[in-house]
$ cat upload-v9.json   # JSON, C-alpha atoms and all ligand atoms
[["chain", "number", "residue", "atom", "x", "y", "z"],
["A", 1, "MET", "CA", 186.55, 91.48, 148.19],
["A", 2, "ASN", "CA", 184.60, 93.34, 150.86],
["A", 3, "TYR", "CA", 184.10, 97.04, 150.91],
["A", 4, "ILE", "CA", 183.14, 98.09, 154.42],
["A", 5, "VAL", "CA", 181.31, 101.35, 154.16],
["A", 6, "LYS", "CA", 180.46, 103.12, 157.36],
["A", 7, "GLU", "CA", 179.34, 106.54, 158.41],
["A", 8, "GLU", "CA", 182.10, 108.13, 160.47],
["A", 9, "SER", "CA", 180.61, 111.43, 161.60],
["A", 10, "MET", "CA", 178.15, 114.09, 160.56],
["A", 11, "GLU", "CA", 180.98, 116.04, 158.92],
["A", 12, "SER", "CA", 182.79, 113.34, 156.92],
["A", 13, "LEU", "CA", 180.10, 111.44, 155.14],
["A", 14, "TRP", "CA", 181.55, 108.11, 154.04],
["A", 15, "ASN", "CA", 184.62, 106.11, 154.78],
["A", 16, "MET", "CA", 185.42, 103.33, 152.33],
["A", 17, "TRP", "CA", 187.74, 100.46, 153.24],
["A", 18, "PHE", "CA", 189.08, 97.52, 151.27],
["A", 19, "THR", "CA", 189.46, 94.43, 153.40],
["A", 20, "GLU", "CA", 191.05, 91.12, 152.47],
["A", 21, "LEU", "CA", 190.06, 88.58, 155.06],
["A", 22, "HIS", "CA", 191.69, 85.31, 156.06],
["A", 23, "LYS", "CA", 188.94, 82.75, 156.72],
["A", 24, "GLY", "CA", 186.69, 85.71, 157.60],
["A", 25, "ARG", "CA", 188.52, 86.13, 160.91],
["A", 26, "ALA", "CA", 191.55, 88.35, 160.38],
["A", 27, "GLY", "CA", 193.01, 90.43, 157.61],
["A", 28, "LEU", "CA", 194.25, 93.61, 156.08],
["A", 29, "ALA", "CA", 192.24, 96.85, 155.85],
["A", 30, "LEU", "CA", 193.24, 99.71, 153.57],
["A", 31, "LYS", "CA", 191.48, 103.04, 153.45],
["A", 32, "VAL", "CA", 190.31, 103.64, 149.89],
["A", 33, "SER", "CA", 190.25, 107.10, 148.40],
["A", 34, "ARG", "CA", 188.87, 106.08, 144.99],
["A", 35, "VAL", "CA", 187.82, 103.00, 143.08],
["A", 36, "LEU", "CA", 189.47, 103.49, 139.69],
["A", 37, "TYR", "CA", 188.41, 100.34, 137.85],
["A", 38, "SER", "CA", 186.10, 97.45, 138.57],
["A", 39, "GLU", "CA", 185.24, 94.90, 135.90],
["A", 40, "PHE", "CA", 184.88, 91.21, 135.25],
["A", 41, "SER", "CA", 187.24, 89.82, 132.63],
["A", 42, "GLU", "CA", 186.66, 86.45, 131.00],
["A", 43, "PHE", "CA", 188.50, 84.88, 133.95],
["A", 44, "GLN", "CA", 188.09, 86.97, 137.09],
["A", 45, "ARG", "CA", 187.03, 90.18, 138.78],
["A", 46, "ILE", "CA", 189.64, 92.93, 138.38],
["A", 47, "ASP", "CA", 189.71, 96.00, 140.63],
["A", 48, "VAL", "CA", 192.09, 98.92, 140.83],
["A", 49, "ILE", "CA", 191.71, 101.02, 143.96],
["A", 50, "ASP", "CA", 193.57, 104.07, 145.16],
["A", 51, "THR", "CA", 194.51, 103.69, 148.81],
["A", 52, "GLU", "CA", 195.76, 106.35, 151.20],
["A", 53, "GLU", "CA", 198.73, 104.39, 152.58],
["A", 54, "PHE", "CA", 199.88, 102.08, 149.76],
["A", 55, "GLY", "CA", 198.99, 104.05, 146.62],
["A", 56, "LYS", "CA", 197.19, 102.28, 143.80],
["A", 57, "ALA", "CA", 196.49, 98.57, 144.27],
["A", 58, "LEU", "CA", 195.61, 95.89, 141.72],
["A", 59, "VAL", "CA", 193.12, 93.40, 143.14],
["A", 60, "LEU", "CA", 192.36, 90.12, 141.35],
["A", 61, "TYR", "CA", 189.66, 87.76, 142.54],
["A", 62, "GLY", "CA", 189.35, 89.88, 145.72],
["A", 63, "SER", "CA", 193.02, 89.52, 146.61],
["A", 64, "ILE", "CA", 195.75, 92.19, 146.44],
["A", 65, "MET", "CA", 198.33, 91.42, 143.75],
["A", 66, "ILE", "CA", 200.37, 94.62, 143.86],
["A", 67, "THR", "CA", 200.40, 97.99, 145.51],
["A", 68, "GLU", "CA", 202.57, 100.85, 144.30],
["A", 69, "VAL", "CA", 204.33, 101.07, 147.67],
["A", 70, "ASP", "CA", 205.45, 97.47, 148.28],
["A", 71, "GLU", "CA", 205.34, 95.61, 144.93],
["A", 72, "PHE", "CA", 209.12, 95.85, 144.62],
["A", 73, "VAL", "CA", 209.67, 93.39, 147.48],
["A", 74, "TYR", "CA", 207.82, 90.50, 145.86],
["A", 75, "HIS", "CA", 209.03, 91.12, 142.30],
["A", 76, "GLU", "CA", 212.69, 91.57, 143.25],
["A", 77, "MET", "CA", 212.68, 88.45, 145.40],
["A", 78, "LEU", "CA", 210.95, 86.29, 142.81],
["A", 79, "ALA", "CA", 213.35, 87.36, 140.04],
["A", 80, "HIS", "CA", 216.78, 88.09, 141.51],
["A", 81, "VAL", "CA", 217.27, 85.12, 143.82],
["A", 82, "PRO", "CA", 217.28, 82.58, 140.92],
["A", 83, "LEU", "CA", 218.82, 84.94, 138.35],
["A", 84, "PHE", "CA", 221.88, 85.59, 140.50],
["A", 85, "VAL", "CA", 222.35, 81.85, 141.07],
["A", 86, "HIS", "CA", 222.03, 80.72, 137.45],
["A", 87, "PRO", "CA", 225.41, 81.28, 135.70],
["A", 88, "LYS", "CA", 223.86, 82.32, 132.37],
["A", 89, "PRO", "CA", 220.10, 82.96, 132.52],
["A", 90, "ALA", "CA", 219.64, 83.70, 128.82],
["A", 91, "LYS", "CA", 216.15, 82.31, 128.29],
["A", 92, "VAL", "CA", 213.52, 83.07, 130.94],
["A", 93, "LEU", "CA", 209.86, 82.08, 131.11],
["A", 94, "ILE", "CA", 207.35, 83.84, 133.37],
["A", 95, "ILE", "CA", 204.06, 82.06, 133.97],
["A", 96, "GLY", "CA", 201.41, 84.59, 134.99],
["A", 97, "GLY", "CA", 202.96, 87.93, 135.86],
["A", 98, "GLY", "CA", 200.44, 89.93, 133.81],
["A", 99, "ASP", "CA", 201.12, 93.12, 135.77],
["A", 100, "GLY", "CA", 204.69, 93.11, 134.43],
["A", 101, "GLY", "CA", 206.55, 93.57, 137.72],
["A", 102, "THR", "CA", 208.54, 90.35, 137.45],
["A", 103, "LEU", "CA", 209.32, 91.06, 133.80],
["A", 104, "ARG", "CA", 210.68, 94.50, 134.77],
["A", 105, "GLU", "CA", 213.05, 92.90, 137.29],
["A", 106, "VAL", "CA", 214.16, 90.06, 134.97],
["A", 107, "LEU", "CA", 215.07, 92.61, 132.29],
["A", 108, "LYS", "CA", 217.56, 94.23, 134.69],
["A", 109, "HIS", "CA", 219.87, 91.26, 134.03],
["A", 110, "ASP", "CA", 222.24, 91.80, 131.09],
["A", 111, "LYS", "CA", 222.63, 88.05, 130.61],
["A", 112, "VAL", "CA", 218.92, 87.70, 129.82],
["A", 113, "GLU", "CA", 218.30, 87.48, 126.06],
["A", 114, "THR", "CA", 214.59, 86.63, 125.85],
["A", 115, "VAL", "CA", 211.72, 86.64, 128.33],
["A", 116, "THR", "CA", 208.49, 84.87, 127.47],
["A", 117, "VAL", "CA", 205.48, 85.91, 129.57],
["A", 118, "VAL", "CA", 202.52, 83.53, 129.47],
["A", 119, "GLU", "CA", 199.50, 85.24, 131.03],
["A", 120, "ILE", "CA", 195.99, 83.87, 130.80],
["A", 121, "ASP", "CA", 194.18, 87.19, 131.15],
["A", 122, "LYS", "CA", 194.87, 89.87, 128.53],
["A", 123, "GLN", "CA", 192.80, 92.35, 130.52],
["A", 124, "VAL", "CA", 195.29, 92.20, 133.43],
["A", 125, "VAL", "CA", 198.09, 93.32, 131.11],
["A", 126, "GLU", "CA", 195.94, 96.13, 129.70],
["A", 127, "VAL", "CA", 194.89, 97.30, 133.17],
["A", 128, "SER", "CA", 198.47, 97.25, 134.41],
["A", 129, "LYS", "CA", 199.73, 99.26, 131.42],
["A", 130, "ARG", "CA", 196.99, 101.81, 132.04],
["A", 131, "PHE", "CA", 197.18, 102.20, 135.83],
["A", 132, "PHE", "CA", 200.71, 100.95, 136.72],
["A", 133, "PRO", "CA", 203.01, 102.13, 133.90],
["A", 134, "ASN", "CA", 206.10, 101.87, 136.12],
["A", 135, "VAL", "CA", 205.35, 98.23, 136.86],
["A", 136, "ALA", "CA", 204.37, 97.36, 133.28],
["A", 137, "SER", "CA", 207.37, 99.16, 131.70],
["A", 138, "GLY", "CA", 209.02, 95.93, 130.48],
["A", 139, "PHE", "CA", 206.28, 95.01, 128.02],
["A", 140, "ASP", "CA", 207.84, 97.42, 125.49],
["A", 141, "SER", "CA", 211.23, 95.69, 125.58],
["A", 142, "PRO", "CA", 212.30, 93.89, 122.37],
["A", 143, "LYS", "CA", 213.42, 91.01, 124.62],
["A", 144, "ALA", "CA", 209.85, 90.50, 125.95],
["A", 145, "HIS", "CA", 207.40, 88.16, 124.20],
["A", 146, "VAL", "CA", 203.89, 87.94, 125.61],
["A", 147, "GLN", "CA", 201.51, 85.06, 124.93],
["A", 148, "PHE", "CA", 197.95, 84.93, 126.20],
["A", 149, "ASP", "CA", 197.47, 81.33, 127.21],
["A", 150, "ASP", "CA", 196.88, 79.12, 130.23],
["A", 151, "GLY", "CA", 200.34, 78.60, 131.76],
["A", 152, "ALA", "CA", 199.70, 74.90, 132.42],
["A", 153, "HIS", "CA", 198.62, 74.39, 128.81],
["A", 154, "PHE", "CA", 201.69, 76.29, 127.55],
["A", 155, "VAL", "CA", 204.30, 74.28, 129.49],
["A", 156, "ALA", "CA", 202.59, 71.00, 128.64],
["A", 157, "ASN", "CA", 202.69, 71.75, 124.91],
["A", 158, "THR", "CA", 205.76, 73.81, 124.08],
["A", 159, "ASP", "CA", 209.03, 72.23, 122.86],
["A", 160, "GLU", "CA", 211.13, 75.14, 124.11],
["A", 161, "LYS", "CA", 213.58, 74.78, 126.99],
["A", 162, "PHE", "CA", 214.38, 77.55, 129.46],
["A", 163, "ASP", "CA", 217.18, 78.44, 131.87],
["A", 164, "VAL", "CA", 214.87, 79.94, 134.48],
["A", 165, "ILE", "CA", 211.10, 79.61, 134.90],
["A", 166, "LEU", "CA", 209.20, 81.82, 137.35],
["A", 167, "ALA", "CA", 205.58, 81.23, 138.40],
["A", 168, "ASP", "CA", 204.21, 84.66, 139.28],
["A", 169, "THR", "CA", 200.71, 83.52, 140.08],
["A", 170, "SER", "CA", 197.78, 84.64, 142.15],
["A", 171, "ASP", "CA", 196.57, 82.35, 144.95],
["A", 172, "PRO", "CA", 195.58, 78.70, 144.31],
["A", 173, "VAL", "CA", 191.92, 79.50, 143.70],
["A", 174, "GLY", "CA", 190.16, 80.39, 140.45],
["A", 175, "PRO", "CA", 192.23, 80.53, 137.26],
["A", 176, "ALA", "CA", 195.58, 79.98, 139.04],
["A", 177, "GLU", "CA", 194.63, 76.77, 140.88],
["A", 178, "VAL", "CA", 196.04, 74.57, 138.12],
["A", 179, "LEU", "CA", 199.46, 76.25, 138.52],
["A", 180, "PHE", "CA", 200.01, 74.59, 141.92],
["A", 181, "ARG", "CA", 199.38, 71.00, 140.82],
["A", 182, "ARG", "CA", 202.03, 68.30, 140.57],
["A", 183, "SER", "CA", 201.31, 67.89, 136.85],
["A", 184, "PHE", "CA", 202.20, 71.56, 136.24],
["A", 185, "TYR", "CA", 205.44, 71.23, 138.24],
["A", 186, "GLN", "CA", 206.36, 68.12, 136.22],
["A", 187, "SER", "CA", 205.82, 69.98, 132.93],
["A", 188, "VAL", "CA", 207.95, 72.87, 134.22],
["A", 189, "TYR", "CA", 210.73, 70.40, 135.14],
["A", 190, "ASP", "CA", 210.59, 68.97, 131.61],
["A", 191, "ARG", "CA", 210.86, 72.46, 130.08],
["A", 192, "LEU", "CA", 214.01, 73.37, 132.06],
["A", 193, "LYS", "CA", 217.52, 72.90, 130.69],
["A", 194, "ASP", "CA", 219.90, 70.66, 132.66],
["A", 195, "ASN", "CA", 221.02, 73.42, 135.03],
["A", 196, "GLY", "CA", 217.61, 75.09, 135.06],
["A", 197, "ILE", "CA", 215.97, 76.81, 138.03],
["A", 198, "PHE", "CA", 212.27, 77.17, 138.80],
["A", 199, "VAL", "CA", 210.80, 79.56, 141.38],
["A", 200, "PRO", "CA", 207.05, 79.70, 142.07],
["A", 201, "GLN", "CA", 205.53, 81.99, 144.68],
["A", 202, "SER", "CA", 204.42, 79.65, 147.45],
["A", 203, "GLU", "CA", 201.94, 81.52, 149.69],
["A", 204, "SER", "CA", 202.13, 82.42, 153.38],
["A", 205, "PRO", "CA", 203.52, 79.82, 155.79],
["A", 206, "LEU", "CA", 201.55, 81.49, 158.58],
["A", 207, "PHE", "CA", 198.09, 81.85, 157.00],
["A", 208, "HIS", "CA", 198.15, 79.18, 154.26],
["A", 209, "LYS", "CA", 199.54, 76.15, 156.06],
["A", 210, "GLU", "CA", 197.51, 73.61, 154.09],
["A", 211, "SER", "CA", 198.41, 75.11, 150.72],
["A", 212, "VAL", "CA", 202.08, 75.38, 151.66],
["A", 213, "THR", "CA", 202.21, 71.73, 152.75],
["A", 214, "LYS", "CA", 200.59, 70.64, 149.49],
["A", 215, "ILE", "CA", 202.79, 72.88, 147.31],
["A", 216, "TYR", "CA", 206.03, 71.59, 148.86],
["A", 217, "ARG", "CA", 204.88, 67.98, 148.77],
["A", 218, "ASN", "CA", 204.23, 68.38, 145.04],
["A", 219, "LEU", "CA", 207.50, 70.22, 144.38],
["A", 220, "ASN", "CA", 209.57, 67.70, 146.36],
["A", 221, "SER", "CA", 208.10, 64.87, 144.33],
["A", 222, "VAL", "CA", 209.44, 66.46, 141.13],
["A", 223, "PHE", "CA", 212.61, 68.46, 141.89],
["A", 224, "PRO", "CA", 215.76, 67.10, 143.59],
["A", 225, "ILE", "CA", 216.48, 70.50, 145.18],
["A", 226, "VAL", "CA", 213.66, 72.50, 146.81],
["A", 227, "ARG", "CA", 214.42, 75.31, 149.28],
["A", 228, "MET", "CA", 211.92, 77.78, 150.69],
["A", 229, "TYR", "CA", 212.87, 81.42, 151.11],
["A", 230, "LEU", "CA", 210.95, 84.28, 152.69],
["A", 231, "ALA", "CA", 210.29, 87.96, 152.25],
["A", 232, "HIS", "CA", 208.23, 90.57, 154.05],
["A", 233, "VAL", "CA", 205.36, 91.85, 151.88],
["A", 234, "PRO", "CA", 203.18, 94.14, 154.03],
["A", 235, "THR", "CA", 200.01, 93.91, 151.91],
["A", 236, "TYR", "CA", 199.95, 90.11, 151.52],
["A", 237, "PRO", "CA", 198.08, 87.93, 153.99],
["A", 238, "SER", "CA", 200.08, 87.81, 157.27],
["A", 239, "ALA", "CA", 202.82, 89.93, 155.57],
["A", 240, "ILE", "CA", 205.23, 86.99, 155.50],
["A", 241, "TRP", "CA", 205.49, 85.47, 152.05],
["A", 242, "SER", "CA", 207.32, 82.44, 150.69],
["A", 243, "PHE", "CA", 208.96, 81.38, 147.44],
["A", 244, "ALA", "CA", 210.30, 77.96, 146.45],
["A", 245, "PHE", "CA", 213.78, 77.74, 144.91],
["A", 246, "CYS", "CA", 213.64, 74.52, 142.86],
["A", 247, "SER", "CA", 216.40, 73.24, 140.64],
["A", 248, "LYS", "CA", 217.90, 70.25, 138.90],
["A", 249, "LYS", "CA", 221.44, 70.91, 140.16],
["A", 250, "SER", "CA", 222.03, 74.40, 141.57],
["A", 251, "ASP", "CA", 222.17, 75.13, 145.27],
["A", 252, "PRO", "CA", 220.78, 78.61, 146.08],
["A", 253, "LEU", "CA", 223.66, 79.42, 148.46],
["A", 254, "ASP", "CA", 226.66, 77.34, 147.28],
["A", 255, "ASP", "CA", 226.13, 78.42, 143.66],
["A", 256, "PHE", "CA", 225.33, 82.05, 144.47],
["A", 257, "ASN", "CA", 227.91, 84.42, 143.06],
["A", 258, "ALA", "CA", 227.68, 87.52, 145.25],
["A", 259, "ASP", "CA", 230.20, 89.40, 143.07],
["A", 260, "ARG", "CA", 227.60, 89.66, 140.32],
["A", 261, "VAL", "CA", 225.17, 91.64, 142.51],
["A", 262, "PRO", "CA", 225.55, 95.39, 141.94],
["A", 263, "ASP", "CA", 225.61, 97.60, 145.05],
["A", 264, "GLY", "CA", 222.48, 99.63, 145.72],
["A", 265, "LYS", "CA", 220.71, 98.77, 142.46],
["A", 266, "PHE", "CA", 217.58, 97.32, 144.06],
["A", 267, "GLN", "CA", 215.20, 98.44, 146.78],
["A", 268, "TYR", "CA", 214.95, 95.16, 148.74],
["A", 269, "TYR", "CA", 217.30, 92.55, 147.31],
["A", 270, "ASN", "CA", 221.04, 92.56, 148.09],
["A", 271, "THR", "CA", 223.68, 89.94, 148.87],
["A", 272, "GLU", "CA", 222.88, 89.86, 152.60],
["A", 273, "ILE", "CA", 219.17, 89.37, 151.88],
["A", 274, "HIS", "CA", 220.01, 86.58, 149.42],
["A", 275, "LYS", "CA", 221.83, 84.64, 152.11],
["A", 276, "ALA", "CA", 219.46, 85.50, 154.97],
["A", 277, "CYS", "CA", 216.17, 84.79, 153.19],
["A", 278, "PHE", "CA", 216.85, 81.03, 153.28],
["A", 279, "ALA", "CA", 217.05, 81.05, 157.10],
["A", 280, "LEU", "CA", 213.69, 79.71, 158.24],
["A", 281, "PRO", "CA", 211.90, 80.17, 161.59],
["A", 282, "GLU", "CA", 211.23, 77.01, 163.58],
["A", 283, "TYR", "CA", 207.47, 77.05, 162.89],
["A", 284, "VAL", "CA", 208.17, 77.09, 159.15],
["A", 285, "LYS", "CA", 210.69, 74.25, 159.39],
["A", 286, "ALA", "CA", 208.08, 72.23, 161.30],
["A", 287, "LEU", "CA", 205.49, 72.93, 158.60],
["A", 288, "LEU", "CA", 207.85, 71.80, 155.84],
["A", 289, "ALA", "CA", 208.78, 68.66, 157.76],
["A", 290, "LYS", "CA", 205.14, 67.51, 157.61],
["B", 1, "LIG", "N1", 197.63, 86.81, 148.06],
["B", 1, "LIG", "C1", 198.39, 87.46, 147.07],
["B", 1, "LIG", "C2", 199.36, 86.60, 146.39],
["B", 1, "LIG", "C3", 199.85, 87.26, 145.17],
["B", 1, "LIG", "C4", 201.05, 86.65, 144.61],
["B", 1, "LIG", "N2", 201.26, 87.08, 143.27],
["B", 1, "LIG", "C5", 201.25, 88.46, 143.00],
["B", 1, "LIG", "C6", 201.51, 88.78, 141.58],
["B", 1, "LIG", "C7", 202.25, 90.04, 141.41],
["B", 1, "LIG", "N3", 202.93, 90.12, 140.19]]
$ encode --input "upload-v9.json" --output "structure tokens" --more "lines below"
Ligand code: SPD
Amino acid sequence: MNYIVKEESMESLWNMWFTELHKGRAGLALKVSRVLYSEFSEFQRIDVIDTEEFGKALVLYGSIMITEVDEFVYHEMLAHVPLFVHPKPAKVLIIGGGDGGTLREVLKHDKVETVTVVEIDKQVVEVSKRFFPNVASGFDSPKAHVQFDDGAHFVANTDEKFDVILADTSDPVGPAEVLFRRSFYQSVYDRLKDNGIFVPQSESPLFHKESVTKIYRNLNSVFPIVRMYLAHVPTYPSAIWSFAFCSKKSDPLDDFNADRVPDGKFQYYNTEIHKACFALPEYVKALLAK
């Protein structure tokens, strides 16, 4: 993470900016009003900054994970697309997701009976509870079970089977790198029931072409059905973000039951978005064809 500090004028003394750069050449800049937390956990650097435009932001390993203003887009799209396709998503596993945003969305589904969250970094959960109580609200639910473990280790060693598995990870660097490997995807496949669905976040098709190519090559070598879908997340690199709908049997559109989606319950997700998010621009189709 880079803080650019510059003197603006004689009157206003300092101007502090958070910048997240793509290959050092382009990126996002947010004006910071306060740095609320800055520490190294056992696994990574964790920052919480207060920004003028996007409210509080959680930054892991120098990269924005959530901001108060736009976190709903990512969390709704990661959770609701698979959960409204699966006919009975009773048992859900979230790998990562230590801020709790995905858990909060999963718990909005009455059919969900238990949600296991496997997060490697306990400090992320503590920081989220302290600074983002609205995002972390689901941790108090009796349906939620949190384990502090490496997600790859967990799926390789558990005997449990799940209806839906979500990989709510940071980028494929540092502690999350292992969660983009073929071996992890194979373990996830083995932990899914026969009609199970897996959705990992799959980076930006505009800024992370190499990662996206590798992720989809790995997923396609494990799952019979793999379909990318997109959402607009303003504070993520390039603002266009992708997810991979992977399943053993279900088709994300043919098996989608629009009647189950309540009107006006969410801020981003609705039936039209569900259908439209699988429409891919030509440059993305070309990338996936590689
Ligand atoms: N470059 C940022 C990618 C972050 C994706 N995961 C965010 C986790 C939020 N729960």
$ residues_around --input "upload-v9.json" --residues "A:Ser187" --least-positions-apart "3" --cutoff "9 Å" --atoms "all atoms listed in the file" --output "list in words"
Ala152, Val155, Ala156, Asn157, Arg182, Ser183, Phe184, Asp190, Arg191 and Leu192 of chain A
$ atom_distance --input "upload-v9.json" --atom1 "atom CA of A:His145" --atom2 "atom CA of A:Phe223"
27.0 Å
$ closest_atom_pairs --input "upload-v9.json" --of "chain A" --to "ligand LIG 1 (chain B)" --cutoff "7 Å" --atoms "all atoms listed in the file" --output "tab-separated table"
residue	atom	partner	partner_atom	distance
A:Ser63	CA	B:LIG1	N1	5.5
A:Ile64	CA	B:LIG1	C1	5.5
A:Met65	CA	B:LIG1	C5	4.2
A:Ile66	CA	B:LIG1	C7	5.5
A:His75	CA	B:LIG1	N3	6.5
A:Gly97	CA	B:LIG1	N3	4.9
A:Gly98	CA	B:LIG1	N3	6.9
A:Asp99	CA	B:LIG1	N3	5.6
A:Gly100	CA	B:LIG1	N3	6.7
A:Gly101	CA	B:LIG1	N3	5.6
A:Thr102	CA	B:LIG1	N3	6.2
A:Asp168	CA	B:LIG1	C6	5.4
A:Thr169	CA	B:LIG1	N2	4.8
A:Ser170	CA	B:LIG1	N2	4.4
A:Asp171	CA	B:LIG1	C2	5.3
A:Gln201	CA	B:LIG1	C4	6.5
A:Glu203	CA	B:LIG1	C2	6.6
A:Tyr236	CA	B:LIG1	N1	5.3
A:Pro237	CA	B:LIG1	N1	6.1
$ closest_atom_pairs --input "upload-v9.json" --of "stretch 90-111 of chain A" --to "stretch 244-265 of chain A" --cutoff "12 Å" --atoms "only C-alpha atoms" --output "CSV"
residue,atom,partner,partner_atom,distance
A:Glu105,CA,A:Lys265,CA,10.9
A:Lys108,CA,A:Lys265,CA,9.5
A:His109,CA,A:Val261,CA,10.0
A:Asp110,CA,A:Arg260,CA,10.9
A:Lys111,CA,A:Arg260,CA,11.0
$ closest_residue --input "upload-v9.json" --among "A:Pro89, A:Gly151, A:Pro172, A:Pro133" --to "A:Glu68" --atoms "only C-alpha atoms"
A:Pro133
$ closest_atom_pairs --input "upload-v9.json" --of "stretch 184-289 of chain A" --to "stretch 24-38 of chain A" --cutoff "10 Å" --atoms "only C-alpha atoms" --output "Markdown table"
| residue | atom | partner | partner_atom | distance |
| --- | --- | --- | --- | --- |
| A:Phe207 | CA | A:Ala26 | CA | 9.8 |
| A:Pro234 | CA | A:Leu28 | CA | 9.2 |
| A:Thr235 | CA | A:Leu28 | CA | 7.1 |
| A:Tyr236 | CA | A:Leu28 | CA | 8.1 |
| A:Pro237 | CA | A:Gly27 | CA | 6.7 |
| A:Ser238 | CA | A:Gly27 | CA | 7.5 |
| A:Ala239 | CA | A:Leu28 | CA | 9.3 |
$ residues_near_point --input "upload-v9.json" --point "(218.1, 79.7, 133.7)" --cutoff "7 Å" --atoms "all atoms listed in the file" --output "JSON, numbers by chain"
{"A": [86, 88, 89, 90, 91, 92, 162, 163, 164, 196, 197]}
$ closest_residue --input "upload-v9.json" --among "A:Cys277, A:Leu103, A:Leu179, A:Val81" --to "A:His232" --atoms "only C-alpha atoms"
A:Cys277
$ closest_residue --input "upload-v9.json" --among "A:Phe154, A:Tyr74, A:Phe84, A:Phe180" --to "A:Ser242" --atoms "only C-alpha atoms"
A:Tyr74
$ closest_residue --input "upload-v9.json" --among "A:Asp159, A:Asp70, A:Asp194, A:Asp121" --to "A:Glu53" --atoms "all atoms listed in the file"
A:Asp70
$ axis_aligned_box --input "upload-v9.json" --around "stretch 236-247 of chain A" --padding-each-side "6 Å" --output "AutoDock Vina command-line options"
--center_x 207.2 --center_y 81.7 --center_z 149.0 --size_x 30.3 --size_y 28.9 --size_z 28.6
$ closest_residue --input "upload-v9.json" --among "A:Asp50, A:Glu39, A:Glu282, A:Glu126" --to "A:Met16" --atoms "only C-alpha atoms"
A:Asp50
$ residues_around --input "upload-v9.json" --residues "A:Lys209" --least-positions-apart "4" --cutoff "10 Å" --atoms "only C-alpha atoms" --output "PyMOL selection string"
chain A and resi 203-205+213-215+284+287-288
$ closest_residue --input "upload-v9.json" --among "A:Val173, A:Val222, A:Val69, A:Val212" --to "A:Gln186" --atoms "all atoms listed in the file"
A:Val222
$ atom_distance --input "upload-v9.json" --atom1 "atom CA of A:Val127" --atom2 "atom CA of A:Ala167"
20.0 Å
$ atom_distance --input "upload-v9.json" --atom1 "atom CA of A:Phe266" --atom2 "atom CA of A:Pro82"
15.1 Å
$ residues_near_point --input "upload-v9.json" --point "(209.0, 87.7, 148.7)" --cutoff "6 Å" --atoms "all atoms listed in the file" --output "list in words"
Val73, Tyr74, Met77, Leu230, Ala231, Trp241 and Ser242 of chain A
$ write_last_selection --input "upload-v9.json" --atoms "C-alpha atoms" --output "CSV table (one decimal), in the coordinates of the input"
chain,number,residue,atom,x,y,z
A,73,VAL,CA,209.7,93.4,147.5
A,74,TYR,CA,207.8,90.5,145.9
A,77,MET,CA,212.7,88.4,145.4
A,230,LEU,CA,211.0,84.3,152.7
A,231,ALA,CA,210.3,88.0,152.2
A,241,TRP,CA,205.5,85.5,152.0
A,242,SER,CA,207.3,82.4,150.7
